[in-house]
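Here the structure comes first, spelled out in structure tokens, and everything after it is commentary.
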Amino acid sequence: MGVSSPYPASGGGDGVRVEWHDGAIATLLTAPDGPVGDWLRKAGERVEARMVDLAPRDTGQLADSITSEVVLDGGALEARIGPAADRNERPGDPPRSEPRVNEDVARWVELGTSRRRAKPFMRPALGAAEER
Amino acid sequence: MATVQLPTIVVPWLTPLRDWLRVQPAVVALVGTRTYLGALPLNSTLPALVVWRAGGGHDGATMDSAMLQLEAWAASGAQAEALMTTAVAVLGSAPGLLDLTPTARLGGARLNAMMWAPDPDTDTARYVATLDVDVLASSAGAGGYAGAYAGGYAA
């Protein structure tokens with residue numbers, strides 16, 4: 001779609017014409033492999049790396065399960081970072097019916113319980129990324 | 001002449017913050033002096049408030065830029081929510097006014113997130129909130145305080 005500017009160029013002559021390409025703008029803003037998606041992916045990978053660094057390593061399973069991906073959700077790009085349901089599950093895998101063990105483990109490691117001291121690794125990782 | 005960058009000195013401000021919360025009328029009305037640092041003591045009477053530093057760093061502009069975790073423990077979800085809402089409001093009203101130590105004051109406390117997180121071990125009601133807290137050098141401070149952050153917790 002093309003849009004003509006109503007304002008003539010200063011000094012006379014032809015006016016400025018602005019070409020608006022919906023498809024190109026959509027690709028720019030919402031394609032996971034477009035420039036915005038690429039920037040978001042790199043930011044997500046930095047948070048992921050920090051999260052892996054901070055995650056407690058009793059068995060290593062929790063740290064090993066941390067992944068990041070960029071998805072289009074509700075018309076907007078979104079970086080999803082955190083522990084996958086289990087160490088073998090990766091973004092894009094089909095949904096599983098079993099409990100998402102690592103997600104529960106991660107929640108209580110992050111927040112602590114009455115009997116276990118919290119070891120935050122997700123919020124500090126995100127906070128460190130926000131400070132950059 | 002070369003410039004030497006000295007390491008940031010972090011003052012232990014968490015204990016003074018806990019002590020300050022312990023005398024705030026709105027908090028005292030709900031939990032008495034049961035505001036703890038680090039973790040809920042075993043067999044603690046409820047409701048109770050827990051405060052601790054979950055993360056953060058130093059951005060150069062502040063003495064400490066901390067991620068503060070508040071935990072409101074109670075016998076019911078409604079009680080926990082009321083306690084958390086009160087504690088967040090009390091902390092939110094303090095910035096700029098509160099000298100935590102002779103050299104440090106609370107410069108800002110912004111609610112980042114608040115979530116319902118009942119204890120999975122005992123099923124006790126709990127709200128957890130994360131606040132972004134700035135600790136600034138106090139204008140009244142003489143600058144002589146050089147205590148290192150101990151990082152330890154005591155009820």
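Note on naming: chains are A, B, ... as they come in the structure tokens, residues start from 1 per chain, ligands start from 1 in the order shown.
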
Item to check | Sel. of strand (DSSP E or B) residues, segment 23-113 of chain B, as number ranges by chain | outcome: B: 35-37, 48-57, 64-74, 99, 104-113

Item to check | Exercise: segment 79-95 of chain B partners within 9 Å, only C-alpha atoms, chain neighbours under 3 positions left out, as a ChimeraX atom specification | outcome: /B:21,24,26-27,30-31,47-49,70-76,98,105-111,114,116,125-129,131,134

Near chain A, 8 Å: chain B residue rows, closest pairs, only C-alpha atoms, as CSV:
residue,atom,partner,partner_atom,distance
B:Ala39,CA,A:Arg117,CA,7.2
B:Leu40,CA,A:Ser114,CA,6.7
B:Leu42,CA,A:Ser114,CA,7.9
B:Ala54,CA,A:Pro120,CA,6.1
B:Gly55,CA,A:Pro124,CA,5.1
B:Gly56,CA,A:Pro124,CA,6.1
B:Gly57,CA,A:Ala128,CA,7.6
B:Asp59,CA,A:Glu131,CA,7.5
B:Met67,CA,A:Pro124,CA,7.5
B:Asp119,CA,A:Thr113,CA,5.5
B:Pro120,CA,A:Thr113,CA,6.7
B:Asp121,CA,A:Ser114,CA,6.7
B:Thr122,CA,A:Ser114,CA,7.4
B:Val128,CA,A:Leu111,CA,7.7

Checklist entry - For Thr33 of chain B, which residue out of B:Leu68, B:Val50, B:Ala104, B:Ala78 is the nearest one, using only C-alpha atoms? => result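 Comparing B:Leu68, B:Val50, B:Ala104, B:Ala78 against Thr33 of chain B, the winner is B:Val50.
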
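If you look at atom CA of Pro16 of chain B and atom CA of His58 of chain B, they are 19.5 Å away from each other.
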